[in-house]
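S.K.: A single structure is presented below for examination.
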Amino acid sequence: MHIPDGFLDLSIAALFYLLTGIVVGFSLFKAKEELDERKAPLVGMVAAAIFAAQMLNWPIPGGTSAHFVGGALAGILLGPFAGCLAMTSVLVIQGLVFADGGLTALGANVWNMAVVNVFVGYYVYRISSEKISTTAAAFVAGWIGITLAAIFAGIEIGLSSSFDFSIGVTVPVMGIWHTILGILEGIITAGVIGYITSVRPDLLQTRVLTG
Amino acid sequence: MDKKFWILLGVMIVLSPLFAYAAEIVGYSEPLENVAEMVGAEEKPFYDGLLPDYTVPGIDPYTGTLISGLIGTLITLGVAYGLAKVASNKRL
């Protein structure tokens, strides 16, 4: 889902740099509510694991490939603001060091995977975990988070001239494909949250219970 | 838990060349690449990065992927930790 250089019009790229800058700046300011000195290493660990997991591209029978993205997982584990910072670190390093995701598209990529995926995933988890188990809520969060991130990618490219402004094609294609592939994202998110709930419930804090 | 985490991280890094190899064999693309092909949009790369596409220039691609995975994971660990440390400073 990493948008390369050449796909976005510069106006779209600039708009998403601006939006992303606002949210990441705000997250940098707000993350202290979720973090203390003891929790800072956890942000590094989550980001590192997501970077490594994203390198594993799974071939999906039928001719598509997908990798775990992890925005919802980061939001659930760290809180949305610290989760946004963790995912932003991953995307900036992927773009700068490995040219995975274009430099002009970095704002849009951070928006999709470090803002939409994290915040949507976190709030879907928080709301649905009041009704269903944390594992089931994590599945739904992973699934919906990645699907909405893909729809945003579809909007950004679909509003750009290199895609002939074919937003009527790009949004359904991105949305439908990632609704299917997102099931995997949901399963992995649920697996990790389910495991952590059983061995280290303190990591998930009481944020969900008291919030 | 801590020990298991580092083992999992190591396993993912070690597996990365295998996944790169499998990806090359099947030649599958992501939905984003597929939709780009549908409408004829083309990438216009102007920047290769330090380790282009998770390879190390001059080294065979699978060893390069392994090294890239290791380096990328360590940099990410450090950057995200540093960012969190700065952000957790209550005086800011």
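In the structure tokens, chains take letters A, B, ... by order of appearance, with residues numbered from 1 within each chain and ligands from 1 in the order shown.
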With only C-alpha atoms as the counted atoms, please give the residues lying no more than 8 Å from range 36-40 of chain B, apart from itself and same-chain residues fewer than 3 positions off, as a ChimeraX atom specification.

M.R.: /A:162-164,166 /B:32-33

S.K.: Counting only C-alpha atoms, collect the residues of chain B whose closest atom lies at most 8 Å from chain A, and write them out as a PyMOL selection string.

M.R.: chain B and resi 1+9+12-13+15-16+19-20+22-23+26+28-32+35-36+39-54+69+72-85+87-90+92

S.K.: Interatomic distance between CA of Lys4 in chain B and CA of Pro201 in chain A?

M.R.: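 Rounded to one decimal, the two atoms are 16.0 Å apart.
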
S.K.: Out of A:Gly182, A:Gly191, A:Gly145, A:Gly121, which residue has the shortest atom-to-atom distance to Leu78 in chain A when counting only C-alpha atoms?

M.R.: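 The closest residue to Leu78 in chain A is A:Gly121.
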
S.K.: Would you mind listing what lies within 6 Å of range 107-111 of chain A as a list in words, with only C-alpha atoms counted and same-chain residues fewer than 2 positions away left out?

M.R.: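 Near range 107-111 of chain A, the qualifying residues are Phe16, Tyr17, Thr20, Thr88, Ala105, Met113, Ala114 and Val115 of chain A.
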
S.K.: Quick check, in Å to one decimal: how far apart do CA of Tyr195 in chain A and CA of Val24 in chain A lie?

M.R.: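 Taking CA of Tyr195 in chain A as the start and CA of Val24 in chain A as the end point, the length is 29.1 Å.
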
S.K.: Run DSSP on the backbone and tell me which residues of chain B come out as helix (DSSP H, G or I); list them as a PyMOL selection string.

M.R.: chain B and resi 2-26+31-39+52-54+61-87

S.K.: Suppose you want the space between CA of Phe68 in chain A and CA of Ile22 in chain A; what is it in Å?

M.R.: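 That distance, rounded to one decimal, is 25.9 Å.
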